[in-house]
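Visitor: Please read through the structure below; I'll follow up with questions.
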Amino acid sequence: MAKRHVAPELYLNRELGQLEFNRRVLALAEDRGIPALERLRFLCIVDSNLDEFFEIRVAGLKEEIAAHAPPGPDGIPLGQVFREVTRKAQDLVARQYQVLNEDVLPQLAAEGIRFLRRNQWNSAQKEWVKDYFFRELMPVLTPIGLDPSHPFPRLLNKSLNFVVELEGKDAFGRKSSMAIVQAPRVLPRVIALPHQVAGCEHGFVFLSSILHAHVGELFPGMTVLGCYQFQLTRNSDLYIDEEELRELKSLRKALQGELKQRQFGDSVRLEVADSCSPRMAEALLQQFGLTQEDLYQVNGPVNLVRLIQIPERVDRPDLKFPTFVPGVPRELTRFPYIFDCIRRDDILLHHPYQSFLPVINFIEQAAHDPQVVAIKQTVYRTGAQSEMMELLMQAARNGKAVTVVVELMARFDEEANINWAQRLEEAGAHVIYGVVGHKTHAKMALVVRREDERLRRYVHLSTGNYHSRTATTYTDFGLFTCNEEICSDVSEVFMQLTGLGKAMKLKHLWQSPFTLHQRSLKAIQTETRNARAGQKARIVAKMNALLEPEIIAALYEASQAGVSIELIVRGVCALRPGIPGVSDNIRVRSILGRFLEHTRVFYFYNGGAEDLYLSSADWMDRNFFRRIEVCFPVLEPRLKKRVIREGLTPFLSRTVEAWEMDAGGQYRHRKGKRGRPGHVQTQLLDTIAIRRRV
């Protein structure tokens, strides 16, 4: 089959698309209809997203420019991409701090939640801050005056630091005009004042404000001309050398060595207070080998993401989203034992509207059930604290044959996964690290149980991670089934991951890197053929990102044949909809809200068969070719209708709030119709979960 190509002018740039996505997240912080503490949380999410964007995407872009790499599928020279990224990122950051200072903080202050700046402190507050500095800060601070015997300290990625501009001589007669003060990570970045001192219900001061006020105490006898906070962002992408891996013969050992260096990768971005003197800013840029393009001057804390703790610390339910009780499928209430329920019917879970507890119960009952002989599970992200992992260890101790495929290269969760891998091994579980060069991103759990003199398999498949915390904030679908053919497919994938041999043909699952790309293309081509034959043809796809060029080319071809294509893409979409004669039958929407839309749902009309698949994979190169993923069908007609009803149809409605992309790649915000629930997540909360105000 000839490989399809997308004309560069029909492919949108990934990095610029990522910034557009963050602009949509920022719009949530700008929305005064959202509770005040949630607006602050969205500002912090933007900051966290930008951190990762610079650590990974911008760092990679810089490496490609240095290596004189050719343009990507969009055809834009990489130097031009970097300049445009810089311009848009600067605008985004400026707007982010404007919203913080001019809107969100004043709104919080009106509610008795105040962040007290130095110029606002009264005498009692000044006295409290002074005492806190000498009691809690000064003993752990180590000022470093820069001179030939005191080189510039090695700074951790995204650590909070202060550059101090000095004048005069010290006790040894040394004259240094510059010093660095590092804020140890053990120190809180935001400190709560006692009520009687704050003069309001919740008063906070920034660590940076306290240090600014008393930095002179660290340099007695010298004059402090200025003190400026700054933060350095470094390249945080991990690279495992194949030669080193062959020598160590252990991915875990190789990764442990690489993790130690992650905090000291190449410099990518410098954030400084906007009050920083040009001389100090230039000195820092030179020190880190950066240019003015890499300098971001901000009007507020350089580590804004640290404010994400405030909504948790402030007990004001009226300033947060209403709480809710996740629902439980009726099928799971019929029998106390989950295996009895699954034998009766396939069971669908829609998180976070429905509880993640049945997934925990699935493993818990398996761990203690004397009839269960084996448990196999993949782990991509599960968190530093995980009941699921504790249960797998308990199952191993109970004599079950427990096999856990732990993905050690899950970005920013590597250390947690290494720790779990070690603990699982100590408990007696078989721990596998997947396949080198391919991240294991599939979400699968398989339980083997002895029933009536034979073995029966039970499976849980999901679009999301086995992570109890994110299951309350990410939208995902999970499926329980004991369908023999699907269970056989899942068992085969586990055999590939743990053993050796050729990939066997699967009956229902599409799997990367073997069949997922090919089967996805084939499904699109079937709709294209049907449209050309004058039949009804429709594709609806919901995912996090759409970037793979061949899939995009196939969608363009399908549109030109008359296929109705509706794409719900939360994040980056490289396809341009609505171009006359090219993509005029394609509509692209992005839904953002209280929960992070994480479900991957793929619907193909297929002559009325209405094929419906759920998947762990987005339509991206990495998911098709560099990861182990599964895409699984929903075969039960009742559940298929439910996925369409809950996971697709409401997201396409003109009455709900959404962002719609135009042919130029720009998004227009649609608020929805008045008098109706404006957000699809609100509708689903009302119909699936139990909402309440605590």
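The way I read the labels, and the way they are meant: chains A, B, ... in the order of the structure tokens, residue 1 as the first residue of every chain, and ligand 1 as the first ligand shown, with later ones counted on from there.
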List every residue of segment 429-643 of chain A that DSSP, applied to the backbone of this structure, places in helix (DSSP H, G or I), and write the result as a ChimeraX atom specification.
Guide: /A:470-472,484-498,516-532,549-561,606-608,621-625,637-643
Visitor: Could you list, with a cut-off of 9 Å and counting only C-alpha atoms, the residues of segment 421-475 of chain A near segment 371-384 of chain A, each shown with its nearest atom pair and the distance in Å rounded to one decimal, rows sorted by chain and ascending number, as a Markdown table?
Guide:
```
| residue | atom | partner | partner_atom | distance |
| --- | --- | --- | --- | --- |
| A:Lys439 | CA | A:Tyr380 | CA | 8.8 |
| A:Thr440 | CA | A:Tyr380 | CA | 7.1 |
| A:His441 | CA | A:Tyr380 | CA | 6.1 |
| A:Ala442 | CA | A:Thr378 | CA | 7.0 |
| A:Lys443 | CA | A:Thr378 | CA | 5.9 |
| A:Met444 | CA | A:Thr378 | CA | 5.6 |
| A:Ala445 | CA | A:Gln377 | CA | 4.2 |
| A:Leu446 | CA | A:Lys376 | CA | 5.0 |
| A:Val447 | CA | A:Ile375 | CA | 4.6 |
| A:Val448 | CA | A:Ala374 | CA | 5.1 |
| A:Arg449 | CA | A:Val372 | CA | 4.1 |
| A:Arg450 | CA | A:Gln371 | CA | 5.2 |
| A:Glu451 | CA | A:Gln371 | CA | 7.3 |
| A:Leu455 | CA | A:Val373 | CA | 8.9 |
| A:Asn465 | CA | A:Arg381 | CA | 5.8 |
| A:Tyr466 | CA | A:Thr382 | CA | 5.5 |
| A:His467 | CA | A:Thr382 | CA | 4.3 |
| A:Ser468 | CA | A:Thr382 | CA | 7.4 |
| A:Arg469 | CA | A:Gly383 | CA | 8.0 |
| A:Thr470 | CA | A:Thr382 | CA | 8.8 |
```
Visitor: Applying 6 Å and only C-alpha atoms, which residues near Asp621 of chain A remain after dropping the ones on its own chain fewer than 3 positions away? List them as a VMD selection string.
Guide: chain A and resid 548 624 to 625
Visitor: With a distance cut-off of 10 Å and only C-alpha atoms, select the neighbouring residues of Gly221 of chain A, excluding the residue or stretch itself and same-chain residues fewer than 2 positions from it, and output the selection as a compact mmCIF listing (two decimals) with N, CA, C and O atoms, in the first residue's frame.
Guide:
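Okay, this is what ended up in selection-v4.txt:
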```txt
# COMPACT_ATOMS: atom_id res chain seq x y z
N GLU A 167 27.08 45.39 47.06
CA GLU A 167 28.10 46.43 47.01
C GLU A 167 28.85 46.43 48.33
O GLU A 167 28.24 46.26 49.40
N GLY A 168 30.18 46.62 48.29
CA GLY A 168 30.98 46.65 49.51
C GLY A 168 31.92 45.47 49.63
O GLY A 168 32.03 44.64 48.72
N LYS A 169 32.59 45.36 50.80
CA LYS A 169 33.54 44.28 51.08
C LYS A 169 33.09 43.50 52.30
O LYS A 169 32.46 44.04 53.21
N ASP A 170 33.47 42.22 52.32
CA ASP A 170 33.10 41.40 53.47
C ASP A 170 34.23 41.38 54.50
O ASP A 170 35.22 42.12 54.37
N ALA A 171 34.10 40.50 55.47
CA ALA A 171 35.07 40.46 56.58
C ALA A 171 36.47 40.11 56.12
O ALA A 171 37.46 40.45 56.78
N GLY A 216 19.31 40.95 53.43
CA GLY A 216 20.48 41.66 53.95
C GLY A 216 21.11 40.98 55.15
O GLY A 216 22.32 41.13 55.40
N GLU A 217 20.29 40.21 55.90
CA GLU A 217 20.82 39.50 57.07
C GLU A 217 21.83 38.43 56.66
O GLU A 217 22.65 38.00 57.48
N LEU A 218 21.78 37.99 55.41
CA LEU A 218 22.71 36.96 54.94
C LEU A 218 24.05 37.54 54.52
O LEU A 218 25.02 36.79 54.31
N PHE A 219 24.12 38.87 54.38
CA PHE A 219 25.35 39.53 53.92
C PHE A 219 25.65 40.72 54.83
O PHE A 219 25.56 41.87 54.42
N THR A 223 26.01 46.10 51.26
CA THR A 223 24.79 46.75 50.81
C THR A 223 24.13 45.92 49.72
O THR A 223 24.76 45.58 48.72
N VAL A 224 22.86 45.58 49.96
CA VAL A 224 22.09 44.84 48.96
C VAL A 224 21.43 45.83 48.02
O VAL A 224 20.57 46.62 48.42
```
Visitor: Just list the residues in segment 48-158 of chain A DSSP gives strand (DSSP E) on the backbone, as a PyMOL selection string.
Guide: chain A and resi 113-115+143-145
